[in-house]
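The file target_12.cif contains mmCIF, C-alpha atoms:
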```cif
data_entry
#
loop_
_atom_site.label_atom_id
_atom_site.label_comp_id
_atom_site.auth_asym_id
_atom_site.auth_seq_id
_atom_site.Cartn_x
_atom_site.Cartn_y
_atom_site.Cartn_z
CA MET A 144 118.27 47.51 95.34
CA LEU A 145 121.78 46.18 94.93
CA PRO A 146 123.66 46.45 98.24
CA PHE A 147 126.23 49.23 98.13
CA PRO A 148 129.32 47.00 98.70
CA ILE A 149 128.36 44.92 95.65
CA LEU A 150 127.60 48.05 93.68
CA LEU A 151 131.00 49.49 94.59
CA ARG A 152 132.81 46.28 93.72
CA LEU A 153 131.10 46.18 90.34
CA ALA A 154 131.78 49.86 89.71
CA ARG A 155 135.50 49.30 90.40
CA ARG A 156 135.59 46.36 88.02
CA LEU A 157 133.88 48.29 85.24
CA GLU A 158 136.01 51.36 85.85
CA THR A 159 139.14 49.24 85.34
CA LEU A 160 137.80 47.62 82.18
CA TRP A 161 136.60 50.86 80.61
CA ALA A 162 139.61 52.98 81.62
CA PRO A 163 141.08 54.52 78.46
CA LYS A 164 144.24 52.75 77.39
CA PRO A 165 147.22 55.13 76.88
CA GLU A 166 147.46 55.77 73.18
CA SER A 167 150.40 54.03 71.63
CA PRO A 168 152.97 56.72 70.90
CA THR A 169 154.44 54.76 68.02
CA ARG A 170 151.57 55.09 65.61
CA PRO A 171 151.38 58.91 65.27
CA GLU A 172 155.19 59.06 65.47
CA ARG A 173 155.44 56.80 62.47
CA ALA A 174 152.96 58.96 60.60
CA TRP A 175 155.03 62.11 61.39
CA ALA A 176 158.27 60.35 60.44
CA SER A 177 156.73 59.24 57.16
CA LEU A 178 155.57 62.81 56.45
CA ARG A 179 159.09 64.14 57.10
CA THR A 180 160.56 61.59 54.69
CA GLN A 181 157.97 62.49 52.05
CA LEU A 182 158.67 66.20 52.49
CA THR A 183 162.39 65.58 51.95
CA GLU A 184 161.61 63.61 48.82
CA ALA A 185 159.25 66.34 47.56
CA GLU A 186 161.98 68.97 48.09
CA SER A 187 164.39 66.79 46.09
CA LEU A 188 161.91 66.40 43.25
CA ARG A 189 161.30 70.17 43.17
CA TRP A 190 165.07 70.82 42.83
CA ARG A 191 165.35 68.23 40.02
CA ILE A 192 162.39 69.81 38.19
CA GLU A 193 164.17 73.21 38.35
CA GLN A 194 167.35 71.65 36.96
CA ALA A 195 165.51 69.84 34.15
CA THR A 196 163.60 73.02 33.23
CA ALA A 197 166.81 75.07 33.14
CA ARG A 198 168.40 72.48 30.78
CA ARG A 199 165.18 72.43 28.62
CA LEU A 200 164.75 68.68 29.21
CA ASP A 201 161.01 68.73 28.53
CA CYS A 202 160.32 64.98 28.81
CA ALA A 203 162.23 64.68 32.08
CA THR A 204 160.47 67.79 33.42
CA ALA A 205 157.01 66.37 32.62
CA SER A 206 157.83 63.02 34.23
CA LEU A 207 159.22 64.61 37.40
CA LYS A 208 156.21 66.93 37.72
CA GLN A 209 153.89 63.90 37.51
CA GLU A 210 155.90 62.17 40.20
CA LEU A 211 155.77 65.24 42.45
CA SER A 212 152.02 65.61 41.93
CA THR A 213 151.41 62.03 43.06
CA LEU A 214 153.65 62.49 46.10
CA LEU A 215 151.87 65.71 47.11
CA LYS A 216 148.49 63.95 46.96
CA VAL A 217 149.75 61.23 49.28
CA MET A 218 151.17 63.84 51.63
CA GLY A 219 147.84 65.68 51.62
CA ARG A 220 146.03 62.54 52.77
CA ARG A 221 148.62 61.92 55.47
CA ILE A 222 148.29 65.51 56.73
CA GLU A 223 144.50 65.14 56.88
CA GLU A 224 144.83 61.94 58.94
CA LEU A 225 147.15 63.71 61.37
CA ARG A 226 144.72 66.62 61.60
CA VAL A 227 141.78 64.32 62.43
CA ASN A 228 143.85 62.48 64.99
CA ASN A 229 144.90 65.76 66.56
CA ASP A 230 141.33 67.13 66.68
CA ALA A 231 139.70 63.96 68.07
CA PRO A 232 138.42 64.51 71.61
CA PRO A 233 140.05 62.39 74.27
CA PRO A 234 137.93 59.37 75.28
CA ARG A 235 135.57 60.27 78.11
CA ALA A 236 136.77 58.47 81.19
CA LEU A 237 134.09 57.22 83.56
CA ASP A 238 135.20 57.42 87.14
CA ARG A 239 133.91 55.21 89.91
CA CYS A 240 131.21 57.70 90.96
CA GLU A 241 129.94 57.89 87.43
CA TRP A 242 129.79 54.08 87.24
CA ILE A 243 127.82 53.98 90.48
CA ARG A 244 125.39 56.52 89.04
CA GLU A 245 125.17 54.46 85.86
CA LEU A 246 124.36 51.26 87.76
CA ARG A 247 121.80 52.94 90.02
CA HIS A 248 120.20 54.48 86.94
CA LEU A 249 120.01 50.99 85.40
CA GLU A 250 118.25 49.75 88.51
CA ALA A 251 115.79 52.64 88.41
CA GLU A 252 114.92 51.99 84.76
CA PHE A 253 114.45 48.22 85.02
CA GLY A 254 113.52 47.63 88.64
CA THR A 255 116.03 44.97 89.58
CA LEU A 256 119.68 44.54 88.80
CA THR A 257 121.42 41.20 89.33
CA VAL A 258 125.15 40.52 89.16
CA ARG A 259 126.64 37.09 88.46
CA TRP A 260 130.37 37.33 89.21
CA THR A 261 131.34 33.90 87.95
CA ASP A 262 129.76 34.58 84.56
CA THR A 263 130.70 38.32 84.62
CA VAL A 264 127.11 39.18 83.81
CA ILE A 265 124.81 42.06 84.70
CA ARG A 266 121.16 41.08 84.35
CA VAL A 267 117.87 42.94 84.23
CA VAL A 268 114.38 41.61 83.58
CA THR A 269 111.85 43.29 81.33
CA GLU A 270 108.11 43.45 81.73
CA PRO A 271 106.09 40.83 79.79
CA VAL A 272 106.33 41.56 76.10
CA GLU A 273 103.36 41.17 73.77
CA LEU A 274 103.57 41.86 70.05
CA LYS A 275 100.50 41.81 67.80
CA GLU A 276 98.51 39.98 70.49
CA VAL A 277 101.14 37.25 70.75
CA PRO A 278 102.35 37.03 74.35
CA LEU A 279 106.10 36.40 74.54
CA GLY A 280 106.56 36.78 78.29
CA PRO A 281 109.27 38.66 80.16
CA PHE A 282 112.90 38.54 79.04
CA ALA A 283 116.13 38.52 81.01
CA VAL A 284 118.64 40.84 79.33
CA GLU A 285 122.18 39.83 80.29
CA PHE A 286 125.28 41.87 79.55
CA ASN A 287 128.66 40.20 79.75
CA TRP A 288 131.24 42.79 80.78
CA THR A 289 134.34 40.70 80.00
CA GLY A 290 134.97 42.39 76.66
CA GLY A 291 134.85 45.88 78.14
CA PRO A 292 134.51 48.74 75.65
CA SER A 293 135.82 46.51 72.86
CA ALA A 294 132.88 44.10 73.20
CA ASP A 295 130.95 43.77 69.98
CA GLY A 296 127.78 45.60 71.01
CA ILE A 297 124.94 43.17 70.71
CA ARG A 298 127.21 40.10 71.01
CA ALA A 299 127.88 41.09 74.60
CA PHE A 300 124.18 40.60 75.28
CA GLU A 301 122.08 37.51 75.70
CA VAL A 302 118.30 37.87 75.82
CA LYS A 303 116.57 34.90 77.41
CA ALA A 304 112.83 34.30 77.51
CA LEU A 305 111.72 33.55 81.06
CA LYS A 306 108.30 32.19 80.05
CA PRO A 307 109.02 31.20 76.48
CA ASN A 308 106.25 31.07 73.93
CA ARG A 309 108.09 29.53 71.01
CA PRO A 310 106.65 29.23 67.52
CA SER A 311 105.73 25.76 66.32
CA GLY A 312 108.76 23.86 65.07
CA ARG A 313 111.38 26.42 66.21
CA SER A 314 112.76 25.68 69.64
CA ASP A 315 115.59 28.18 69.02
CA VAL A 316 113.33 31.21 68.56
CA THR A 317 111.63 33.02 71.46
CA HIS A 318 110.93 36.37 69.82
CA PRO A 319 110.64 37.42 66.17
CA HIS A 320 114.13 38.94 66.43
CA ILE A 321 115.83 36.48 68.81
CA GLU A 322 117.50 33.22 67.81
CA ASP A 323 119.49 31.13 70.27
CA ASP A 324 119.12 33.92 72.86
CA ILE A 325 120.90 36.43 70.59
CA LEU A 326 118.92 39.53 69.61
CA CYS A 327 119.38 40.77 66.09
CA ALA A 328 119.51 44.49 66.85
CA GLY A 329 118.79 45.69 63.32
CA GLU A 330 118.66 49.50 63.33
CA ALA A 331 119.99 49.64 66.89
CA LYS A 332 123.25 47.86 66.06
CA ASP A 333 125.51 50.89 65.65
CA ALA A 334 124.06 52.90 68.52
CA LEU A 335 124.33 49.84 70.75
CA SER A 336 128.00 49.30 69.88
CA GLN A 337 128.73 52.96 70.56
CA ALA A 338 126.88 52.87 73.88
CA VAL A 339 128.87 49.83 75.04
CA ALA A 340 132.13 51.39 73.90
CA ASP A 341 131.32 54.56 75.85
CA GLY A 342 130.29 52.63 78.96
CA ARG A 343 126.71 53.92 78.68
CA LEU A 344 125.17 50.66 79.86
CA VAL A 345 121.76 52.20 80.58
CA ASP A 346 121.54 53.37 76.98
CA ALA A 347 122.62 49.94 75.75
CA PHE A 348 119.99 48.11 77.81
CA GLN A 349 117.33 50.62 76.74
CA LEU A 350 118.20 50.08 73.09
CA VAL A 351 117.81 46.32 73.55
CA HIS A 352 114.45 46.96 75.21
CA SER A 353 113.33 49.17 72.31
CA VAL A 354 114.02 46.35 69.86
CA LEU A 355 112.31 43.77 72.07
CA THR A 356 109.11 45.80 72.28
CA ASN A 357 108.86 46.51 68.57
CA TYR A 358 108.09 44.20 65.65
CA ASN A 359 109.60 44.37 62.19
CA PRO A 360 107.48 42.11 59.98
CA HIS A 361 109.93 42.47 57.07
CA SER A 362 112.82 40.78 58.85
CA ALA A 363 111.84 38.26 61.48
CA TYR A 364 113.14 34.78 62.24
CA VAL A 365 109.49 33.72 62.43
CA SER A 366 106.61 35.97 61.44
CA LEU A 367 104.03 36.60 64.15
CA ASN A 368 101.33 35.51 61.69
CA GLU A 369 102.84 32.04 61.84
CA TRP A 370 103.84 32.11 65.49
CA ASP A 371 101.27 29.78 66.98
CA GLY A 372 101.44 27.54 63.97
CA SER A 373 97.72 26.85 64.03
CA HIS A 374 94.97 28.14 61.83
CA CYS A 375 91.37 27.13 61.68
CA ALA A 376 91.03 24.30 59.14
CA GLN A 377 87.73 25.73 57.94
CA CYS A 378 88.06 29.52 57.83
CA GLY A 379 91.85 29.91 57.99
CA ARG A 380 91.75 32.37 60.89
CA ARG A 381 94.72 32.26 63.29
CA ILE A 382 93.86 30.58 66.55
CA ARG A 383 95.58 31.63 69.78
CA SER A 384 97.20 28.97 71.88
CA GLY A 385 94.65 27.34 74.17
CA GLU A 386 91.67 28.57 72.21
CA ALA A 387 91.62 25.88 69.55
CA SER A 388 89.13 23.04 69.46
CA SER A 389 89.73 19.96 67.41
CA CYS A 390 87.53 17.82 65.25
CA GLU A 391 86.91 14.51 66.96
CA GLY A 392 86.91 12.79 63.63
CA CYS A 393 90.11 13.98 61.93
CA ASP A 394 91.80 16.00 64.73
CA CYS A 395 92.06 19.16 62.60
CA GLU A 396 92.05 22.43 64.58
CA LEU A 397 89.00 24.64 64.63
CA CYS A 398 88.37 28.17 65.85
CA ASP A 399 85.50 28.90 68.21
CA GLU A 400 83.19 29.88 65.35
CA CYS A 401 83.69 26.86 63.11
CA GLY A 402 82.77 23.21 63.54
CA ALA A 403 79.40 21.75 64.44
CA ARG A 404 78.10 18.93 66.56
CA CYS A 405 76.81 15.67 65.16
CA GLU A 406 73.04 15.49 65.61
CA GLY A 407 73.38 11.88 66.60
CA CYS A 408 76.26 11.62 69.10
CA GLY A 409 76.90 15.32 69.83
CA GLU A 410 80.65 15.18 69.04
CA LEU A 411 82.36 18.24 67.54
CA ARG A 412 83.28 17.77 63.90
CA CYS A 413 84.63 19.88 61.07
CA GLY A 414 82.61 20.38 57.89
CA ASP A 415 84.39 17.55 56.11
CA CYS A 416 83.49 15.07 58.80
CA LEU A 417 79.76 15.80 58.81
CA GLU A 418 77.26 14.72 56.20
CA PRO A 419 73.53 15.28 55.96
CA CYS A 420 71.07 12.47 56.45
CA ASP A 421 69.19 12.07 53.16
CA VAL A 422 65.93 11.87 55.05
CA CYS A 423 65.96 14.58 57.71
CA ARG A 424 68.88 16.61 56.25
CA GLU A 425 70.43 16.99 59.73
CA ARG A 426 74.21 16.68 59.80
CA HIS A 427 75.78 13.60 61.30
CA CYS A 428 79.21 12.09 61.62
CA ARG A 429 79.96 9.03 59.56
CA ALA A 430 79.55 6.76 62.55
CA CYS A 431 75.99 7.94 63.04
CA LEU A 432 74.97 7.61 59.39
CA VAL A 433 74.17 4.39 57.64
CA THR A 434 75.31 4.57 54.08
CA PRO A 435 74.12 1.51 52.15
CA ALA A 436 75.80 0.58 48.91
CA GLN A 437 72.62 1.55 47.12
CA GLY A 438 69.96 3.86 48.31
CA ARG A 439 70.00 6.79 50.63
CA SER A 440 72.06 7.52 53.71
CA PHE A 441 70.07 7.75 56.89
CA CYS A 442 70.45 8.29 60.60
CA SER A 443 69.00 6.12 63.32
CA ALA A 444 66.26 8.62 64.06
CA CYS A 445 64.97 8.34 60.53
CA LEU A 446 64.54 4.56 60.72
CA GLN A 447 61.11 3.62 62.05
CA VAL A 448 59.07 0.41 62.39
CA CYS A 449 56.22 -0.34 60.02
CA ALA A 450 52.90 -0.55 61.85
CA GLY A 451 51.92 -3.40 59.57
CA CYS A 452 54.79 -5.82 59.21
CA GLY A 453 57.18 -4.51 61.87
CA SER A 454 60.08 -4.07 59.48
CA SER A 455 62.42 -1.07 59.73
CA VAL A 456 61.74 1.49 57.08
CA LEU A 457 62.80 5.07 56.43
CA LYS A 458 60.25 7.34 58.03
CA ASP A 459 59.46 9.30 54.89
CA GLU A 460 58.43 6.04 53.21
CA LEU A 461 55.70 5.33 55.77
CA ASP A 462 52.18 6.37 54.95
CA SER A 463 49.93 8.34 57.26
CA ASP A 464 49.05 5.16 59.11
CA GLY A 465 52.67 4.26 59.68
CA ARG A 466 52.72 1.45 57.15
CA CYS A 467 55.53 0.64 54.81
CA PRO A 468 54.96 0.77 51.05
CA THR A 469 54.52 -2.99 50.89
CA CYS A 470 51.86 -3.02 53.58
CA SER A 471 50.13 -0.01 52.04
CA THR A 472 49.99 -1.76 48.68
CA VAL A 473 48.51 -4.97 50.16
CA GLU A 474 45.79 -3.00 51.98
CA GLU A 475 44.81 -1.18 48.85
CA THR A 476 44.46 -4.46 47.03
CA ASP A 477 42.23 -5.90 49.81
CA ASP A 478 40.06 -2.79 49.79
CA SER A 479 39.41 -3.03 46.08
CA ALA A 480 38.25 -6.84 46.06
CA PRO A 481 34.76 -6.58 47.84
CA GLU A 482 33.57 -3.87 45.44
CA THR A 483 33.95 -6.31 42.49
CA GLU A 484 31.56 -9.04 44.06
CA ALA A 485 28.88 -6.48 44.77
CA ALA A 486 28.74 -5.58 41.08
CA ASP A 487 28.01 -9.26 40.18
CA THR A 488 24.97 -9.43 42.44
CA ILE A 489 23.26 -6.29 41.38
CA PRO A 490 19.90 -7.42 39.77
CA LEU A 491 19.21 -6.45 36.21
CA MET B 220 125.52 76.90 77.81
CA LYS B 221 127.21 73.51 77.53
CA LEU B 222 125.29 70.24 77.69
CA LEU B 223 126.31 66.59 77.46
CA TYR B 224 124.07 65.38 74.65
CA ILE B 225 123.57 61.66 74.11
CA ASN B 226 121.55 60.72 71.06
CA ASN B 227 120.95 56.98 70.68
CA ASP B 228 119.10 57.36 67.40
CA GLY B 229 120.83 56.07 64.27
CA GLY B 230 124.51 55.50 64.84
CA GLY B 231 124.63 56.96 68.33
CA PHE B 232 126.27 60.21 69.42
CA ALA B 233 127.60 61.42 72.76
CA ASP B 234 129.43 64.70 73.12
CA THR B 235 129.40 68.09 74.78
CA ILE B 236 127.55 70.70 72.77
CA GLU B 237 126.93 74.42 73.05
CA VAL B 238 123.31 75.61 73.06
CA GLU B 239 121.52 78.89 73.77
CA ASP B 240 120.48 79.68 77.33
CA GLY B 241 116.89 79.23 78.43
CA LEU B 242 116.16 76.26 76.22
CA THR B 243 113.42 73.87 77.33
CA VAL B 244 113.57 70.12 76.72
CA ALA B 245 110.81 70.39 74.11
CA ALA B 246 112.60 73.20 72.29
CA PHE B 247 115.87 71.27 72.40
CA LEU B 248 114.21 68.22 70.88
CA ALA B 249 112.52 70.31 68.18
CA GLU B 250 115.86 71.85 67.31
CA ARG B 251 117.92 68.66 67.31
CA MET B 252 115.32 66.25 65.97
CA PRO B 253 112.95 68.30 63.83
CA GLY B 254 109.75 66.61 62.80
CA ARG B 255 110.08 63.83 65.35
CA LYS B 256 107.55 63.19 68.12
CA ALA B 257 108.68 63.33 71.72
CA ASP B 258 106.52 60.27 72.47
CA ASP B 259 108.78 58.17 70.27
CA PHE B 260 111.73 58.74 72.58
CA LEU B 261 112.83 58.02 76.10
CA ILE B 262 114.22 61.34 77.31
CA ARG B 263 116.25 61.66 80.48
CA VAL B 264 117.88 64.79 81.93
CA ASN B 265 120.57 64.04 84.49
CA ARG B 266 119.32 60.43 84.45
CA LEU B 267 115.82 61.39 85.54
CA PRO B 268 112.49 61.54 83.66
CA THR B 269 111.75 65.04 82.54
CA ALA B 270 108.85 67.28 81.60
CA ALA B 271 108.71 68.91 78.20
CA ASP B 272 108.82 72.40 79.67
CA GLN B 273 111.78 71.73 81.93
CA LEU B 274 114.50 74.35 81.45
CA LEU B 275 117.91 72.98 80.64
CA GLN B 276 120.81 74.19 82.75
CA THR B 277 124.48 74.38 81.92
CA GLY B 278 126.22 71.05 82.58
CA ASP B 279 123.01 69.03 82.17
CA ARG B 280 123.23 65.53 80.75
CA ILE B 281 120.43 64.89 78.28
CA SER B 282 119.92 61.48 76.66
CA ILE B 283 117.43 60.60 73.94
CA THR B 284 116.72 56.95 73.08
CA PRO B 285 114.14 55.77 70.52
CA THR B 286 111.45 53.56 72.01
CA LYS B 287 110.64 51.83 68.72
CA ILE B 288 113.53 50.29 66.88
CA GLU B 289 113.20 47.66 64.21
CA GLY B 290 115.10 44.48 64.84
CA ALA B 291 116.05 42.00 62.15
CA SER B 292 116.81 38.38 61.56
CA ALA B 293 120.61 38.40 61.21
#
```
Final structure tokens representation of the file:
Amino acid sequence: MLPFPILLRLARRLETLWAPKPESPTRPERAWASLRTQLTEAESLRWRIEQATARRLDCATASLKQELSTLLKVMGRRIEELRVNNDAPPPRALDRCEWIRELRHLEAEFGTLTVRWTDTVIRVVTEPVELKEVPLGPFAVEFNWTGGPSADGIRAFEVKALKPNRPSGRSDVTHPHIEDDILCAGEAKDALSQAVADGRLVDAFQLVHSVLTNYNPHSAYVSLNEWDGSHCAQCGRRIRSGEASSCEGCDCELCDECGARCEGCGELRCGDCLEPCDVCRERHCRACLVTPAQGRSFCSACLQVCAGCGSSVLKDELDSDGRCPTCSTVEETDDSAPETEAADTIPL
Amino acid sequence: MKLLYINNDGGGFADTIEVEDGLTVAAFLAERMPGRKADDFLIRVNRLPTAADQLLQTGDRISITPTKIEGASA
């Protein structure tokens, strides 16, 4: 809680700044003086109209009537302005006690109130803000009291992210509706200006808070859909910060449901960086697949040694005895030769 | 009875108004902001949180601030 001496000092300062200025006497006096002059002129025109009518000067009469009509309209507007000015309630003056109540109320609503005298700033801190599952962290809302009631509403405020989560490529944006620490108040703009003018600082801070904790997708500096700047390269789903994996081949970002591991080396790859072995059909990265200029691609597991000649051959080309096609062909030829000799020796 | 009524919805309004005696906060809200839900507002009577059935007294200060306001991008 702000110590009472500081609270009192601040209340005095604000009381001085927000004290109603004595209304300049000249402005309404000028309006009254102008009305008196116009009334005199209207009386003169009325007398001239009577004279012109009596002398049957029809053209002059019509012209003077037109002139009087215009003057009466102007006088009517002036009288209305004076009526509004007369009926307007006097500005509500906040005394020191009221300012103390206002500041204590501000403390109660936001937990902690900080005063920076050199910067003429009153500061509160919000709770962490999260919009559409995008954490934005807590914000410090700072009100500069220098401008007093004439301060331009939202321009008297700066809203600073204390644990900024900025969108990719925009170091000036910390919230969909904050750029360079200035909140674009949108629908709250007029109410905020009025609250500052009236010295209702609690209302002003609460209005800022209501904008901070709400998201308008139709008018944002950066849409929350694009906040993290990363989407899964395979399915397009938005990936939260810290939850993305990346393909070890092309570095593209992957969500936790996409990507697969190379059957050879076990590295995580996206779909574009994995290809099937033409023999076993398991998916491998390009480093684990041999892709000859002609023939089929194969992985190391699919290359086996011929039991006959010892050469490396694709495993689906070996016969049941583990021999390569060449060795199988030679054996078949050898098997067929003895049968021919036996036929020659068979007696007639 | 007279109340200081502060409405921070729309353009903002703060003035003393005359209302009937025996009005509760809920009834006051229904009268002044028909069709609106109380949950959409921060309501304070004499700077304190209030219950819907709290009876308003003459001289009370009642403030109503929307909790959901759409910001913009300048």
Can you work out the spacing between atom CA of A:Thr180 and atom CA of A:Asn229 in Å, to one decimal?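 If I compute the distance from atom CA of A:Thr180 to atom CA of A:Asn229, I get 20.1 Å.
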request  = Determine, counting all atoms listed in the file, which protein, DNA and RNA residues have an atom within 7 Å of an atom of stretch 234-245 of chain B; residues of the same chain fewer than 3 positions away are not included. Present the result as JSON, numbers by chain.
outcome  = {"B": [220, 221, 222, 223, 224, 225, 248, 249, 271, 272, 273, 274, 275]}
Define the interface residues of chain B facing chain A as those within 8 Å, counting only C-alpha atoms, and report them as a ChimeraX atom specification. /B:227-232,266,284-293
Quick one: residues within 12 Å of stretch 421-423 of chain A, all atoms listed in the file counted, chain neighbours fewer than 2 positions away excluded, as an NGL selection string? :A and (406-407 or 418-419 or 425-427 or 432-435 or 438-447 or 456-460)
Written selection (C-alpha atoms) as a PDB file, in the frame of the given file:
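What follows is the written file part-v7.pdb:
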```
ATOM      1  CA  GLU A 406      73.040  15.490  65.610  1.00  0.00           C
ATOM      2  CA  GLY A 407      73.380  11.880  66.600  1.00  0.00           C
ATOM      3  CA  GLU A 418      77.260  14.720  56.200  1.00  0.00           C
ATOM      4  CA  PRO A 419      73.530  15.280  55.960  1.00  0.00           C
ATOM      5  CA  GLU A 425      70.430  16.990  59.730  1.00  0.00           C
ATOM      6  CA  ARG A 426      74.210  16.680  59.800  1.00  0.00           C
ATOM      7  CA  HIS A 427      75.780  13.600  61.300  1.00  0.00           C
ATOM      8  CA  LEU A 432      74.970   7.610  59.390  1.00  0.00           C
ATOM      9  CA  VAL A 433      74.170   4.390  57.640  1.00  0.00           C
ATOM     10  CA  THR A 434      75.310   4.570  54.080  1.00  0.00           C
ATOM     11  CA  PRO A 435      74.120   1.510  52.150  1.00  0.00           C
ATOM     12  CA  GLY A 438      69.960   3.860  48.310  1.00  0.00           C
ATOM     13  CA  ARG A 439      70.000   6.790  50.630  1.00  0.00           C
ATOM     14  CA  SER A 440      72.060   7.520  53.710  1.00  0.00           C
ATOM     15  CA  PHE A 441      70.070   7.750  56.890  1.00  0.00           C
ATOM     16  CA  CYS A 442      70.450   8.290  60.600  1.00  0.00           C
ATOM     17  CA  SER A 443      69.000   6.120  63.320  1.00  0.00           C
ATOM     18  CA  ALA A 444      66.260   8.620  64.060  1.00  0.00           C
ATOM     19  CA  CYS A 445      64.970   8.340  60.530  1.00  0.00           C
ATOM     20  CA  LEU A 446      64.540   4.560  60.720  1.00  0.00           C
ATOM     21  CA  GLN A 447      61.110   3.620  62.050  1.00  0.00           C
ATOM     22  CA  VAL A 456      61.740   1.490  57.080  1.00  0.00           C
ATOM     23  CA  LEU A 457      62.800   5.070  56.430  1.00  0.00           C
ATOM     24  CA  LYS A 458      60.250   7.340  58.030  1.00  0.00           C
ATOM     25  CA  ASP A 459      59.460   9.300  54.890  1.00  0.00           C
ATOM     26  CA  GLU A 460      58.430   6.040  53.210  1.00  0.00           C
TER      27      GLU A 460
END
```
Computed gap from atom CA of A:Glu172 to atom CA of A:Trp190 is 27.4 Å
Contacts of stretch 286-299 of chain A at 6 Å (all atoms listed in the file; same-chain gap of 4+ positions) as a count of residues only:
9
Residues matched by the PyMOL selection byres ((chain B and resi 279) around 7) as a PyMOL selection string: chain B and resi 222-223+264-265+275-278+280-281
For this session: Return as a list of chain:residue names the set of residues that the PyMOL selection byres ((chain A and resi 276) around 12) yields on the displayed structure.
Result: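 Evaluating the PyMOL selection byres ((chain A and resi 276) around 12) on these coordinates yields A:Val272, A:Glu273, A:Leu274, A:Lys275, A:Val277, A:Pro278, A:Leu279, A:Gly280, A:Tyr358, A:Leu367, A:Asn368, A:Trp370, A:Asp371, A:Arg381, A:Ile382, A:Arg383, A:Ser384.
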What does the structure give for the distance between atom CA of B:Glu250 and atom CA of B:Arg263, in Å to one decimal?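 Rounded to one decimal, the two atoms are 16.7 Å apart.
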**Request:** Write out as an NGL selection string each polymer residue whose atoms come within 12 Å of A:Gln209, counting only C-alpha atoms; drop sequence neighbours fewer than 4 positions from it.
**Result:** :A and (185 or 188-189 or 192 or 202-205 or 213-216)
Got a sec: who's within 8 Å of A:Phe253, counting only C-alpha atoms, leaving out chain neighbours fewer than 6 positions off, as a short mmCIF file (atom, residue, chain, number, x, y, z; two decimals) with C-alpha atoms, in the coordinates of the input?
```cif
data_model
loop_
_atom_site.label_atom_id
_atom_site.label_comp_id
_atom_site.auth_asym_id
_atom_site.auth_seq_id
_atom_site.Cartn_x
_atom_site.Cartn_y
_atom_site.Cartn_z
CA VAL A 267 117.87 42.94 84.23
CA VAL A 268 114.38 41.61 83.58
CA THR A 269 111.85 43.29 81.33
#
```
Return stretch 260-269 of chain B, completed with N, CA, C and O atoms, as a short mmCIF file (atom, residue, chain, number, x, y, z; two decimals), in the frame of the given file.
```
data_model
loop_
_atom_site.label_atom_id
_atom_site.label_comp_id
_atom_site.auth_asym_id
_atom_site.auth_seq_id
_atom_site.Cartn_x
_atom_site.Cartn_y
_atom_site.Cartn_z
N PHE B 260 110.41 58.79 71.95
CA PHE B 260 111.73 58.74 72.58
C PHE B 260 111.61 58.64 74.09
O PHE B 260 110.65 59.11 74.70
N LEU B 261 112.66 58.03 74.65
CA LEU B 261 112.83 58.02 76.10
C LEU B 261 113.83 59.14 76.37
O LEU B 261 114.96 59.08 75.90
N ILE B 262 113.37 60.18 77.08
CA ILE B 262 114.22 61.34 77.31
C ILE B 262 114.55 61.43 78.79
O ILE B 262 113.65 61.37 79.63
N ARG B 263 115.80 61.55 79.09
CA ARG B 263 116.25 61.66 80.48
C ARG B 263 117.19 62.86 80.60
O ARG B 263 118.09 63.04 79.77
N VAL B 264 116.97 63.68 81.62
CA VAL B 264 117.88 64.79 81.93
C VAL B 264 118.51 64.48 83.27
O VAL B 264 117.80 64.27 84.26
N ASN B 265 119.83 64.41 83.27
CA ASN B 265 120.57 64.04 84.49
C ASN B 265 120.05 62.72 85.07
O ASN B 265 119.88 62.55 86.27
N ARG B 266 119.74 61.80 84.14
CA ARG B 266 119.32 60.43 84.45
C ARG B 266 117.93 60.34 85.06
O ARG B 266 117.54 59.31 85.60
N LEU B 267 117.15 61.42 84.96
CA LEU B 267 115.82 61.39 85.54
C LEU B 267 114.78 61.69 84.45
O LEU B 267 115.08 62.44 83.50
N PRO B 268 113.56 61.16 84.60
CA PRO B 268 112.49 61.54 83.66
C PRO B 268 112.29 63.04 83.72
O PRO B 268 112.54 63.68 84.75
N THR B 269 111.82 63.59 82.61
CA THR B 269 111.75 65.04 82.54
C THR B 269 110.44 65.49 81.91
O THR B 269 109.82 64.75 81.14
#
```
